[in-house]
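J.: Structure supplied as work.cif; contents: mmCIF, C-alpha atoms (C1' of nucleotides).
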```
data_work
loop_
_atom_site.label_atom_id
_atom_site.label_comp_id
_atom_site.auth_asym_id
_atom_site.auth_seq_id
_atom_site.Cartn_x
_atom_site.Cartn_y
_atom_site.Cartn_z
CA MET A 96 38.65 5.26 0.34
CA ILE A 97 38.38 7.10 -2.93
CA HIS A 98 40.05 10.47 -3.30
CA LYS A 99 37.97 13.57 -3.72
CA GLU A 100 39.15 14.15 -7.27
CA GLU A 101 37.74 10.79 -8.27
CA LYS A 102 34.32 11.47 -6.83
CA ILE A 103 33.14 13.40 -9.82
CA GLN A 104 33.93 10.39 -11.99
CA TYR A 105 32.02 8.03 -9.78
CA PRO A 106 29.01 7.31 -11.94
CA PHE A 107 26.58 6.32 -9.22
CA LYS A 108 27.20 9.19 -6.91
CA SER A 109 27.58 11.78 -9.57
CA LEU A 110 24.18 11.22 -11.12
CA VAL A 111 22.05 9.11 -8.82
CA PHE A 112 22.85 10.79 -5.59
CA LEU A 113 23.26 14.26 -6.97
CA THR A 114 19.79 14.21 -8.48
CA ASN A 115 18.47 12.58 -5.35
CA ARG A 116 19.89 15.17 -3.02
CA VAL A 117 19.15 18.16 -5.19
CA ALA A 118 15.55 17.04 -5.55
CA ARG A 119 15.29 16.52 -1.82
CA LEU A 120 16.90 19.85 -0.96
CA LEU A 121 14.75 21.77 -3.44
CA THR A 122 11.55 20.38 -1.96
CA GLN A 123 12.82 21.03 1.55
CA ARG A 124 13.72 24.64 0.81
CA ILE A 125 10.47 25.39 -0.96
CA TRP A 126 8.57 24.11 2.02
CA GLN A 127 10.59 26.21 4.40
CA ARG A 128 9.20 29.22 2.58
CA VAL A 129 5.61 28.03 2.19
CA ASP A 130 2.99 28.78 4.83
CA ALA A 131 1.77 25.25 5.47
CA GLU A 132 -1.36 26.47 7.26
CA GLU A 133 -2.36 28.58 4.32
CA VAL A 134 -1.89 26.06 1.52
CA GLU A 135 -3.38 23.13 3.47
CA ILE A 136 -1.37 20.57 1.54
CA LEU A 137 1.80 18.63 2.30
CA PRO A 138 5.01 18.42 0.29
CA GLN A 139 4.16 14.99 -1.08
CA HIS A 140 1.00 16.41 -2.67
CA MET A 141 2.98 18.95 -4.66
CA GLY A 142 3.74 16.59 -7.52
CA VAL A 143 0.14 15.81 -8.32
CA LEU A 144 -0.83 19.43 -8.01
CA SER A 145 1.98 20.63 -10.22
CA ASP A 146 1.00 18.19 -12.94
CA LEU A 147 -2.63 19.22 -12.71
CA TRP A 148 -1.76 22.89 -13.08
CA GLN A 149 -0.29 22.07 -16.43
CA GLN A 150 -3.14 19.82 -17.48
CA ASP A 151 -6.19 18.63 -15.60
CA GLY A 152 -8.99 16.36 -16.72
CA VAL A 153 -6.49 13.50 -16.65
CA ARG A 154 -6.92 10.08 -15.06
CA GLN A 155 -5.33 8.96 -11.82
CA GLN A 156 -3.37 6.40 -13.78
CA ASP A 157 -1.84 9.12 -15.93
CA LEU A 158 -0.65 10.92 -12.84
CA ALA A 159 0.80 7.73 -11.40
CA VAL A 160 2.81 7.09 -14.56
CA ALA A 161 3.96 10.69 -14.88
CA LEU A 162 5.01 10.90 -11.25
CA ILE A 163 6.50 7.40 -11.17
CA LYS A 164 4.41 6.53 -8.15
CA ASP A 165 2.09 3.71 -7.26
CA LYS A 166 -1.51 4.19 -8.32
CA ALA A 167 -2.61 3.49 -4.75
CA THR A 168 -0.46 6.36 -3.51
CA ILE A 169 -1.97 8.66 -6.12
CA ALA A 170 -5.46 7.52 -5.17
CA ARG A 171 -4.87 8.50 -1.55
CA THR A 172 -3.37 11.85 -2.53
CA ILE A 173 -6.36 12.55 -4.77
CA GLN A 174 -8.69 11.60 -1.95
CA PHE A 175 -6.89 13.96 0.41
CA LEU A 176 -6.99 16.84 -2.06
CA GLU A 177 -10.64 16.22 -2.84
CA GLN A 178 -11.49 16.49 0.86
CA LYS A 179 -9.76 19.86 0.89
CA ASN A 180 -11.87 20.96 -2.10
CA ILE A 181 -8.75 21.40 -4.17
CA LEU A 182 -9.95 19.05 -6.91
CA VAL A 183 -12.92 16.92 -7.92
CA ARG A 184 -13.17 13.43 -9.36
CA VAL A 185 -15.62 13.02 -12.22
CA ALA A 186 -16.58 9.61 -13.56
CA ASP A 187 -15.82 9.41 -17.26
CA GLN A 188 -19.05 8.77 -19.15
CA GLN A 189 -17.24 7.33 -22.16
CA ASP A 190 -15.28 4.83 -20.08
CA LYS A 191 -16.67 4.34 -16.63
CA ARG A 192 -13.47 2.76 -15.36
CA ASN A 193 -11.84 6.18 -15.51
CA LYS A 194 -12.21 9.09 -13.17
CA ARG A 195 -11.19 12.44 -14.52
CA ILE A 196 -9.49 14.84 -12.15
CA TYR A 197 -10.40 18.51 -12.33
CA LEU A 198 -8.99 21.32 -10.24
CA THR A 199 -11.40 23.58 -8.43
CA HIS A 200 -10.95 27.31 -8.36
CA LYS A 201 -9.25 26.82 -5.01
CA GLY A 202 -6.90 24.27 -6.52
CA LYS A 203 -5.97 26.56 -9.38
CA SER A 204 -5.46 29.52 -7.10
CA LEU A 205 -2.94 27.55 -5.05
CA GLN A 206 -0.47 28.26 -7.82
CA GLU A 207 -0.23 31.84 -6.64
CA LYS A 208 0.68 30.69 -3.15
CA LEU A 209 3.25 28.11 -4.18
CA ILE A 210 4.91 29.08 -7.45
CA PRO A 211 6.58 32.23 -6.09
CA HIS A 212 8.27 30.19 -3.36
CA ALA A 213 9.35 27.61 -5.90
CA ALA A 214 10.72 30.33 -8.15
CA ASP A 215 12.59 31.96 -5.26
CA THR A 216 14.07 28.61 -4.31
CA VAL A 217 15.17 27.91 -7.86
CA GLU A 218 16.70 31.35 -8.00
CA GLU A 219 18.60 30.67 -4.79
CA ALA A 220 19.60 27.25 -6.05
CA THR A 221 20.93 28.52 -9.36
CA ALA A 222 22.77 31.53 -8.02
CA GLU A 223 26.02 32.23 -9.86
CA ILE A 224 25.32 29.56 -12.44
CA ALA A 225 25.64 30.73 -16.02
CA PRO A 226 22.21 30.69 -17.70
CA GLU A 227 23.55 28.74 -20.65
CA ASP A 228 24.99 26.09 -18.32
CA LEU A 229 21.69 25.81 -16.50
CA LYS A 230 19.90 25.46 -19.81
CA ILE A 231 22.24 22.65 -20.83
CA CYS A 232 21.75 20.98 -17.46
CA ILE A 233 17.99 20.99 -17.86
CA GLN A 234 18.24 19.73 -21.42
CA VAL A 235 20.48 16.90 -20.27
CA LEU A 236 18.11 15.99 -17.46
CA ASN A 237 15.22 15.98 -19.89
CA ARG A 238 17.18 13.70 -22.19
CA ILE A 239 18.06 11.37 -19.33
CA TYR A 240 14.40 11.31 -18.39
CA LYS A 241 13.48 10.35 -21.93
CA ASN A 242 16.20 7.72 -22.13
CA LEU A 243 15.11 6.04 -18.93
CA ASN A 244 11.43 6.43 -19.56
CA GLY A 245 11.55 4.56 -22.85
CA PHE A 246 10.85 7.77 -24.77
CA LYS A 247 7.37 7.87 -23.32
CA CYS A 248 7.91 11.48 -22.29
CA ASN A 249 6.48 14.18 -24.61
CA MET B 154 -3.43 24.82 -19.26
CA ILE B 155 0.09 25.77 -20.10
CA HIS B 156 1.41 25.09 -23.60
CA LYS B 157 4.21 22.61 -24.09
CA GLU B 158 6.67 25.29 -25.19
CA GLU B 159 6.30 26.99 -21.84
CA LYS B 160 7.01 23.88 -19.83
CA ILE B 161 10.75 24.15 -20.13
CA GLN B 162 10.57 27.63 -18.65
CA TYR B 163 8.46 26.51 -15.74
CA PRO B 164 10.94 26.75 -12.89
CA PHE B 165 9.33 24.28 -10.54
CA LYS B 166 8.84 21.48 -13.00
CA SER B 167 12.05 22.02 -14.83
CA LEU B 168 14.30 21.60 -11.83
CA VAL B 169 12.34 20.15 -8.94
CA PHE B 170 10.45 17.50 -10.77
CA LEU B 171 13.12 16.73 -13.29
CA THR B 172 15.64 15.95 -10.57
CA ASN B 173 12.96 14.10 -8.66
CA ARG B 174 11.98 11.90 -11.53
CA VAL B 175 15.47 11.29 -12.84
CA ALA B 176 16.62 10.28 -9.38
CA ARG B 177 13.64 7.97 -9.01
CA LEU B 178 14.08 6.43 -12.45
CA LEU B 179 17.80 5.87 -11.97
CA THR B 180 17.25 4.00 -8.72
CA GLN B 181 14.43 2.01 -10.27
CA ARG B 182 16.49 0.98 -13.29
CA ILE B 183 19.52 0.04 -11.24
CA TRP B 184 17.38 -2.20 -9.11
CA GLN B 185 15.84 -3.86 -12.13
CA ARG B 186 19.34 -5.03 -12.99
CA VAL B 187 20.46 -6.01 -9.51
CA ASP B 188 19.93 -9.51 -8.16
CA ALA B 189 18.13 -8.65 -4.93
CA GLU B 190 18.68 -12.12 -3.50
CA GLU B 191 22.40 -11.88 -4.00
CA VAL B 192 23.02 -8.42 -2.56
CA GLU B 193 20.64 -8.89 0.41
CA ILE B 194 19.97 -5.17 0.69
CA LEU B 195 17.12 -2.95 -0.41
CA PRO B 196 17.19 0.16 -2.60
CA GLN B 197 16.83 2.49 0.36
CA HIS B 198 20.03 1.11 1.87
CA MET B 199 22.02 2.07 -1.19
CA GLY B 200 22.64 5.62 -0.06
CA VAL B 201 24.30 4.69 3.19
CA LEU B 202 26.34 2.01 1.51
CA SER B 203 27.47 4.27 -1.30
CA ASP B 204 28.64 6.87 1.18
CA LEU B 205 30.50 4.27 3.21
CA TRP B 206 32.30 2.97 0.14
CA GLN B 207 33.81 6.40 -0.25
CA GLN B 208 34.59 6.80 3.43
CA ASP B 209 33.82 4.65 6.41
CA GLY B 210 34.64 5.13 10.04
CA VAL B 211 32.10 7.96 10.08
CA ARG B 212 29.33 8.57 12.60
CA GLN B 213 25.65 7.88 12.01
CA GLN B 214 24.99 11.58 12.32
CA ASP B 215 27.41 12.31 9.47
CA LEU B 216 25.52 9.92 7.25
CA ALA B 217 22.21 11.48 8.19
CA VAL B 218 23.43 14.95 7.25
CA ALA B 219 25.07 13.79 4.04
CA LEU B 220 22.01 11.86 2.93
CA ILE B 221 19.55 14.52 4.11
CA LYS B 222 17.67 11.91 6.12
CA ASP B 223 16.48 11.63 9.68
CA LYS B 224 18.99 10.14 12.10
CA ALA B 225 16.39 7.62 13.22
CA THR B 226 16.07 6.41 9.65
CA ILE B 227 19.83 6.06 9.38
CA ALA B 228 19.93 4.21 12.70
CA ARG B 229 17.48 1.62 11.43
CA THR B 230 19.34 1.23 8.15
CA ILE B 231 22.61 0.75 10.04
CA GLN B 232 20.93 -1.79 12.28
CA PHE B 233 19.65 -3.69 9.26
CA LEU B 234 23.04 -3.70 7.55
CA GLU B 235 24.78 -4.77 10.74
CA GLN B 236 22.47 -7.79 11.02
CA LYS B 237 23.48 -8.73 7.49
CA ASN B 238 27.16 -8.49 8.49
CA ILE B 239 27.69 -5.73 5.96
CA LEU B 240 29.03 -3.29 8.54
CA VAL B 241 29.92 -3.04 12.21
CA ARG B 242 29.36 -0.31 14.78
CA VAL B 243 32.35 0.48 16.98
CA ALA B 244 32.05 2.73 20.01
CA ASP B 245 34.44 5.66 19.70
CA GLN B 246 36.91 5.54 22.60
CA GLN B 247 37.69 9.25 22.31
CA ASP B 248 34.05 10.30 22.52
CA LYS B 249 31.79 7.58 23.77
CA ARG B 250 28.71 9.32 22.43
CA ASN B 251 29.80 8.35 18.94
CA LYS B 252 29.63 5.06 17.15
CA ARG B 253 31.92 4.67 14.20
CA ILE B 254 30.65 2.70 11.23
CA TYR B 255 33.04 0.33 9.49
CA LEU B 256 32.32 -1.84 6.48
CA THR B 257 33.10 -5.52 6.71
CA HIS B 258 34.77 -7.37 3.88
CA LYS B 259 31.31 -8.39 2.79
CA GLY B 260 30.18 -4.80 2.78
CA LYS B 261 33.14 -3.68 0.72
CA SER B 262 32.74 -6.52 -1.74
CA LEU B 263 29.16 -5.48 -2.42
CA GLN B 264 30.60 -2.75 -4.60
CA GLU B 265 31.46 -5.35 -7.20
CA LYS B 266 27.88 -6.54 -7.30
CA LEU B 267 26.28 -3.12 -7.47
CA ILE B 268 28.57 -0.62 -9.20
CA PRO B 269 28.49 -2.37 -12.60
CA HIS B 270 24.71 -2.16 -12.66
CA ALA B 271 24.85 1.47 -11.65
CA ALA B 272 27.40 2.17 -14.36
CA ASP B 273 25.31 0.37 -16.96
CA THR B 274 22.26 2.35 -15.92
CA VAL B 275 24.12 5.64 -16.12
CA GLU B 276 25.39 4.63 -19.53
CA GLU B 277 21.85 3.88 -20.66
CA ALA B 278 20.63 7.11 -19.10
CA THR B 279 23.23 9.28 -20.78
CA ALA B 280 23.04 7.72 -24.22
CA GLU B 281 23.46 10.23 -27.02
CA ILE B 282 24.31 13.02 -24.63
CA ALA B 283 27.50 14.91 -25.47
CA PRO B 284 30.13 14.26 -22.79
CA GLU B 285 30.79 17.97 -22.38
CA ASP B 286 27.08 18.62 -21.82
CA LEU B 287 26.91 15.86 -19.24
CA LYS B 288 29.93 17.31 -17.51
CA ILE B 289 28.30 20.73 -17.38
CA CYS B 290 25.10 19.17 -16.07
CA ILE B 291 26.93 17.48 -13.22
CA GLN B 292 28.86 20.63 -12.42
CA VAL B 293 25.62 22.60 -12.31
CA LEU B 294 23.99 20.01 -10.06
CA ASN B 295 26.99 20.11 -7.76
CA ARG B 296 26.75 23.87 -7.62
CA ILE B 297 23.02 23.73 -6.89
CA TYR B 298 23.76 21.25 -4.15
CA LYS B 299 26.30 23.62 -2.66
CA ASN B 300 23.98 26.59 -2.96
CA LEU B 301 21.14 24.85 -1.19
CA ASN B 302 23.30 23.13 1.36
CA GLY B 303 24.76 26.37 2.67
CA PHE B 304 28.13 25.55 1.14
CA LYS B 305 28.55 22.75 3.63
CA CYS B 306 29.42 20.38 0.76
CA ASN B 307 33.14 19.78 0.07
"C1'" DT C 50 -23.39 -12.83 -28.45
"C1'" DG C 51 -20.79 -14.74 -25.01
"C1'" DT C 52 -16.46 -15.72 -22.90
"C1'" DT C 53 -11.96 -14.34 -21.69
"C1'" DA C 54 -8.47 -10.74 -20.94
"C1'" DT C 55 -7.26 -5.96 -19.81
"C1'" DT C 56 -7.49 -1.89 -17.44
"C1'" DC C 57 -8.75 1.52 -13.80
"C1'" DG C 58 -9.43 2.53 -9.26
"C1'" DT C 59 -9.89 0.84 -4.30
"C1'" DT C 60 -8.59 -1.60 -0.17
"C1'" DG C 61 -5.67 -4.34 3.04
"C1'" DC C 62 -1.24 -5.26 4.58
"C1'" DG C 63 3.61 -4.77 5.68
"C1'" DT C 64 7.46 -1.69 5.69
"C1'" DA C 65 9.93 2.75 5.76
"C1'" DA C 66 10.15 7.49 6.86
"C1'" DG C 67 10.05 11.72 9.82
"C1'" DC C 68 9.03 13.96 14.31
"C1'" DA C 69 9.49 14.23 19.08
"C1'" DA C 70 10.80 12.65 23.43
"C1'" DC C 71 14.10 10.19 25.78
"C1'" DT C 72 18.77 8.19 27.58
"C1'" DC C 73 23.40 8.42 28.09
"C1'" DA C 74 27.96 10.35 27.54
"C1'" DT C 75 30.64 14.45 27.20
"C1'" DC C 76 31.67 19.22 27.52
"C1'" DT C 77 31.42 23.82 29.81
"C1'" DA C 78 31.52 26.97 33.43
"C1'" DA C 79 30.93 28.50 38.03
"C1'" DT D 54 33.70 19.04 41.19
"C1'" DT D 55 29.41 19.54 40.14
"C1'" DA D 56 25.22 21.40 37.63
"C1'" DG D 57 23.57 22.57 33.36
"C1'" DA D 58 24.10 22.40 28.41
"C1'" DT D 59 25.17 19.94 24.29
"C1'" DG D 60 25.25 16.17 21.16
"C1'" DA D 61 24.74 11.11 19.47
"C1'" DG D 62 21.85 7.50 19.14
"C1'" DT D 63 17.39 4.93 20.34
"C1'" DT D 64 12.46 4.27 20.75
"C1'" DG D 65 7.41 5.25 20.22
"C1'" DC D 66 4.11 7.22 17.39
"C1'" DT D 67 1.95 8.59 13.13
"C1'" DT D 68 1.84 8.75 8.37
"C1'" DA D 69 3.23 7.65 3.51
"C1'" DC D 70 4.55 4.44 0.33
"C1'" DG D 71 4.56 0.12 -2.61
"C1'" DC D 72 2.83 -4.49 -3.47
"C1'" DA D 73 -0.80 -7.59 -4.14
"C1'" DA D 74 -5.52 -8.84 -4.38
"C1'" DC D 75 -9.96 -7.40 -5.55
"C1'" DG D 76 -14.31 -5.51 -8.06
"C1'" DA D 77 -16.19 -3.05 -11.82
"C1'" DA D 78 -16.12 -1.66 -16.63
"C1'" DT D 79 -14.39 -2.31 -21.07
"C1'" DA D 80 -11.97 -4.62 -24.95
"C1'" DA D 81 -10.85 -8.50 -27.80
"C1'" DC D 82 -11.87 -12.63 -29.73
"C1'" DA D 83 -14.24 -16.80 -31.24
#
```
Please lay out the structure from this file as structure tokens.

T.:
Amino acid sequence: MIHKEEKIQYPFKSLVFLTNRVARLLTQRIWQRVDAEEVEILPQHMGVLSDLWQQDGVRQQDLAVALIKDKATIARTIQFLEQKNILVRVADQQDKRNKRIYLTHKGKSLQEKLIPHAADTVEEATAEIAPEDLKICIQVLNRIYKNLNGFKCN
Amino acid sequence: MIHKEEKIQYPFKSLVFLTNRVARLLTQRIWQRVDAEEVEILPQHMGVLSDLWQQDGVRQQDLAVALIKDKATIARTIQFLEQKNILVRVADQQDKRNKRIYLTHKGKSLQEKLIPHAADTVEEATAEIAPEDLKICIQVLNRIYKNLNGFKCN
DNA sequence: TGTTATTCGTTGCGTAAGCAACTCATCTAA
DNA sequence: TTAGATGAGTTGCTTACGCAACGAATAACA
């Protein structure tokens, strides 16, 4: 058994499981605040939606890469969200292999029902953390993301 | 569409999806290095195992809480690992509702086959990040974990 | 131009996860 | 001591995920 003082040095736990658990807890807490009936979507759809809020008109494949998920999983999520009239799939006329994803008005307006809960959760999560430390943390995470993603990010 | 400069301010993406993706990428990269045949376990078993390396003799319920997973999921993982002779379940004589989980020699020795790959991955992930920044990042993540976990951690 | 190789999205299949209901052991309180 | 409450672990059910195979459209090359 490893002593508590050594835990913070433990490379696997300190990064892998910390990011894992924080990610899991954040999603959990956001969804505790969200009215599931009202938004009609499930937690696992949040990733796709969040990406589309920042940029739509992308391909399913782009979403799969960005979200580090299987393209089949993304396809089913897209199908679900299309049935809810949250987005539409448009065949690309330039390259008919592609389908471009566009948010509907309903899909865009979901931001107003979800972002406040996300913001509240982040506020709760970062309570009593110095803003400059949080900024560094996010910069480090971004850098780790880039390092692991072969600098494909941004 | 939100401009790139605004992304870093976006609370949901910056924390929720950064932790999500970093956690996902770290696990992915570790497993690219691991010889799956040799270790006999799957990525999703790593969490339980990692916790047990730090402290075994715990109950299944403890693992479920610590890993933020359903107790049924933990039960099946434990069952899998027991079949592989990586751990054993011992009925607690004090309280017969409990089963205590103990690692076998094989289970303990798996550390040697997994930790180096985890360490290498963390090293790759944190390349060109100032050690003091990384330290702050981990401290912040620990604090976020505590904040969201109702201070049940540590 | 025609043939081969990629690439995108879909589908089928097997596995893993969470929820809920259940069993069994233990604890509590009359 | 006995009835109800509590808590740990298991099982059944449903759904989500990843992998692999496939079809369609395009790209690359002779």

J.: Mind doing a quick least-squares superposition of chain B onto chain A, all C-alpha atoms paired one-to-one in order, and writing it out as a short mmCIF file (atom, residue, chain, number, x, y, z; two decimals) with C-alpha atoms, in the coordinates of the input?

T.:
```cif
data_model
loop_
_atom_site.label_atom_id
_atom_site.label_comp_id
_atom_site.auth_asym_id
_atom_site.auth_seq_id
_atom_site.Cartn_x
_atom_site.Cartn_y
_atom_site.Cartn_z
CA MET B 154 38.74 5.27 0.44
CA ILE B 155 38.43 7.12 -2.80
CA HIS B 156 40.16 10.48 -3.18
CA LYS B 157 38.10 13.60 -3.65
CA GLU B 158 39.31 14.13 -7.21
CA GLU B 159 37.84 10.80 -8.20
CA LYS B 160 34.42 11.54 -6.78
CA ILE B 161 33.26 13.52 -9.77
CA GLN B 162 34.04 10.55 -11.98
CA TYR B 163 32.13 8.16 -9.79
CA PRO B 164 29.11 7.43 -11.95
CA PHE B 165 26.71 6.39 -9.22
CA LYS B 166 27.30 9.30 -6.90
CA SER B 167 27.65 11.86 -9.59
CA LEU B 168 24.26 11.27 -11.15
CA VAL B 169 22.14 9.15 -8.85
CA PHE B 170 22.90 10.83 -5.61
CA LEU B 171 23.30 14.29 -7.00
CA THR B 172 19.83 14.22 -8.51
CA ASN B 173 18.52 12.59 -5.37
CA ARG B 174 19.93 15.18 -3.05
CA VAL B 175 19.17 18.18 -5.22
CA ALA B 176 15.58 17.04 -5.59
CA ARG B 177 15.32 16.53 -1.84
CA LEU B 178 16.92 19.86 -1.01
CA LEU B 179 14.75 21.77 -3.47
CA THR B 180 11.56 20.37 -1.97
CA GLN B 181 12.84 21.02 1.53
CA ARG B 182 13.73 24.64 0.79
CA ILE B 183 10.46 25.36 -0.97
CA TRP B 184 8.57 24.08 2.01
CA GLN B 185 10.60 26.19 4.40
CA ARG B 186 9.21 29.20 2.57
CA VAL B 187 5.63 28.02 2.21
CA ASP B 188 3.01 28.77 4.84
CA ALA B 189 1.77 25.24 5.48
CA GLU B 190 -1.33 26.47 7.28
CA GLU B 191 -2.35 28.59 4.34
CA VAL B 192 -1.88 26.07 1.54
CA GLU B 193 -3.38 23.14 3.50
CA ILE B 194 -1.38 20.58 1.56
CA LEU B 195 1.76 18.62 2.30
CA PRO B 196 4.99 18.40 0.31
CA GLN B 197 4.13 14.99 -1.08
CA HIS B 198 0.98 16.40 -2.66
CA MET B 199 2.96 18.92 -4.65
CA GLY B 200 3.71 16.55 -7.50
CA VAL B 201 0.11 15.77 -8.29
CA LEU B 202 -0.85 19.40 -7.99
CA SER B 203 1.97 20.60 -10.19
CA ASP B 204 0.99 18.14 -12.89
CA LEU B 205 -2.65 19.19 -12.68
CA TRP B 206 -1.75 22.85 -13.05
CA GLN B 207 -0.29 22.01 -16.42
CA GLN B 208 -3.16 19.77 -17.44
CA ASP B 209 -6.20 18.58 -15.58
CA GLY B 210 -9.01 16.35 -16.68
CA VAL B 211 -6.53 13.46 -16.63
CA ARG B 212 -6.98 10.04 -15.05
CA GLN B 213 -5.39 8.91 -11.80
CA GLN B 214 -3.43 6.34 -13.74
CA ASP B 215 -1.90 9.07 -15.92
CA LEU B 216 -0.71 10.86 -12.82
CA ALA B 217 0.75 7.68 -11.39
CA VAL B 218 2.76 7.04 -14.55
CA ALA B 219 3.90 10.63 -14.87
CA LEU B 220 4.97 10.84 -11.25
CA ILE B 221 6.48 7.34 -11.20
CA LYS B 222 4.38 6.47 -8.16
CA ASP B 223 2.04 3.66 -7.24
CA LYS B 224 -1.57 4.18 -8.27
CA ALA B 225 -2.66 3.47 -4.71
CA THR B 226 -0.49 6.32 -3.51
CA ILE B 227 -2.00 8.63 -6.10
CA ALA B 228 -5.49 7.51 -5.12
CA ARG B 229 -4.89 8.50 -1.51
CA THR B 230 -3.39 11.83 -2.51
CA ILE B 231 -6.39 12.53 -4.74
CA GLN B 232 -8.71 11.58 -1.92
CA PHE B 233 -6.91 13.95 0.43
CA LEU B 234 -7.01 16.83 -2.04
CA GLU B 235 -10.67 16.21 -2.79
CA GLN B 236 -11.52 16.48 0.92
CA LYS B 237 -9.77 19.85 0.93
CA ASN B 238 -11.89 20.96 -2.04
CA ILE B 239 -8.77 21.39 -4.14
CA LEU B 240 -9.98 19.04 -6.86
CA VAL B 241 -12.97 16.95 -7.87
CA ARG B 242 -13.25 13.47 -9.35
CA VAL B 243 -15.71 13.13 -12.23
CA ALA B 244 -16.68 9.75 -13.61
CA ASP B 245 -15.90 9.58 -17.32
CA GLN B 246 -19.14 9.01 -19.24
CA GLN B 247 -17.31 7.57 -22.25
CA ASP B 248 -15.44 4.98 -20.20
CA LYS B 249 -16.87 4.48 -16.77
CA ARG B 250 -13.71 2.82 -15.53
CA ASN B 251 -12.04 6.22 -15.55
CA LYS B 252 -12.34 9.11 -13.19
CA ARG B 253 -11.26 12.45 -14.52
CA ILE B 254 -9.54 14.83 -12.14
CA TYR B 255 -10.45 18.51 -12.30
CA LEU B 256 -9.02 21.31 -10.20
CA THR B 257 -11.43 23.57 -8.39
CA HIS B 258 -10.95 27.31 -8.30
CA LYS B 259 -9.25 26.80 -4.97
CA GLY B 260 -6.92 24.26 -6.48
CA LYS B 261 -5.99 26.54 -9.35
CA SER B 262 -5.46 29.50 -7.07
CA LEU B 263 -2.95 27.54 -5.02
CA GLN B 264 -0.48 28.23 -7.80
CA GLU B 265 -0.24 31.81 -6.62
CA LYS B 266 0.68 30.68 -3.14
CA LEU B 267 3.24 28.09 -4.17
CA ILE B 268 4.90 29.05 -7.45
CA PRO B 269 6.58 32.21 -6.09
CA HIS B 270 8.27 30.18 -3.38
CA ALA B 271 9.35 27.60 -5.91
CA ALA B 272 10.70 30.32 -8.16
CA ASP B 273 12.57 31.94 -5.29
CA THR B 274 14.06 28.60 -4.34
CA VAL B 275 15.17 27.89 -7.89
CA GLU B 276 16.68 31.35 -8.03
CA GLU B 277 18.58 30.68 -4.81
CA ALA B 278 19.59 27.26 -6.08
CA THR B 279 20.92 28.52 -9.39
CA ALA B 280 22.77 31.54 -8.07
CA GLU B 281 26.00 32.23 -9.90
CA ILE B 282 25.32 29.57 -12.48
CA ALA B 283 25.63 30.74 -16.08
CA PRO B 284 22.21 30.68 -17.76
CA GLU B 285 23.57 28.72 -20.71
CA ASP B 286 25.00 26.09 -18.37
CA LEU B 287 21.69 25.80 -16.55
CA LYS B 288 19.92 25.43 -19.85
CA ILE B 289 22.27 22.63 -20.87
CA CYS B 290 21.78 20.97 -17.50
CA ILE B 291 18.01 20.96 -17.90
CA GLN B 292 18.27 19.71 -21.46
CA VAL B 293 20.53 16.88 -20.31
CA LEU B 294 18.16 15.98 -17.49
CA ASN B 295 15.26 15.95 -19.92
CA ARG B 296 17.21 13.68 -22.21
CA ILE B 297 18.11 11.35 -19.34
CA TYR B 298 14.46 11.28 -18.40
CA LYS B 299 13.54 10.31 -21.94
CA ASN B 300 16.26 7.69 -22.12
CA LEU B 301 15.18 6.01 -18.92
CA ASN B 302 11.50 6.38 -19.54
CA GLY B 303 11.60 4.50 -22.83
CA PHE B 304 10.95 7.70 -24.76
CA LYS B 305 7.46 7.80 -23.35
CA CYS B 306 8.02 11.44 -22.32
CA ASN B 307 6.71 14.14 -24.70
#
```

J.: Between chain B and chain A, at 6 Å or less, what are the per-residue closest atom pairs and their distances in Å? Count all atoms listed in the file, order by chain and rising residue number, and return it as a Markdown table.

T.:
```
| residue | atom | partner | partner_atom | distance |
| --- | --- | --- | --- | --- |
| B:Met154 | CA | A:Gln149 | CA | 5.0 |
| B:Ile155 | CA | A:Gln149 | CA | 5.2 |
| B:Pro164 | CA | A:Ala214 | CA | 5.9 |
| B:Phe165 | CA | A:Ala213 | CA | 5.7 |
| B:Val169 | CA | A:Ala118 | CA | 5.6 |
| B:Thr172 | CA | A:Thr114 | CA | 5.0 |
| B:Asn173 | CA | A:Ala118 | CA | 5.0 |
| B:Val175 | CA | A:Tyr240 | CA | 5.7 |
| B:Ala176 | CA | A:Asn115 | CA | 5.0 |
| B:Gln207 | CA | A:Met96 | CA | 5.0 |
| B:Gln208 | CA | A:Met96 | CA | 5.3 |
| B:Ala271 | CA | A:Phe107 | CA | 5.7 |
| B:Ala272 | CA | A:Pro106 | CA | 5.9 |
| B:Ala278 | CA | A:Ile239 | CA | 5.0 |
| B:Thr279 | CA | A:Ile239 | CA | 5.8 |
| B:Cys290 | CA | A:Cys232 | CA | 4.1 |
| B:Ile297 | CA | A:Ala220 | CA | 5.0 |
| B:Tyr298 | CA | A:Val117 | CA | 5.6 |
| B:Asn300 | CA | A:Ala220 | CA | 5.4 |
| B:Leu301 | CA | A:Ala220 | CA | 5.6 |
```

J.: The PyMOL selection byres ((chain B) within 7 of (chain C)) on the file shown: which residues, as number ranges by chain?

T.: B: 223, 226, 249-250

J.: For the residues in that selection, give me C-alpha atoms as a compact mmCIF listing (two decimals), in the coordinates of the input.

T.:
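Written out: result15.txt:
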```
# COMPACT_ATOMS: atom_id res chain seq x y z
CA ASP B 223 16.48 11.63 9.68
CA THR B 226 16.07 6.41 9.65
CA LYS B 249 31.79 7.58 23.77
CA ARG B 250 28.71 9.32 22.43
```

J.: Report as lines of an AutoDock Vina configuration file the centre and the edge lengths, in Å to one decimal, of the axis-aligned box holding every listed atom of stretch 262-279 of chain B, padded by 6 Å on each side.

T.:
```
center_x = 26.7
center_y = 1.4
center_z = -11.3
size_x = 24.1
size_y = 27.8
size_z = 31.0
```

J.: Counting all atoms listed in the file, a student should be able to say which residues of chain B come within 10 Å of chain D; what is the right answer, written as a ChimeraX atom specification?

T.: /B:212-214,224-225,228-229,248-252
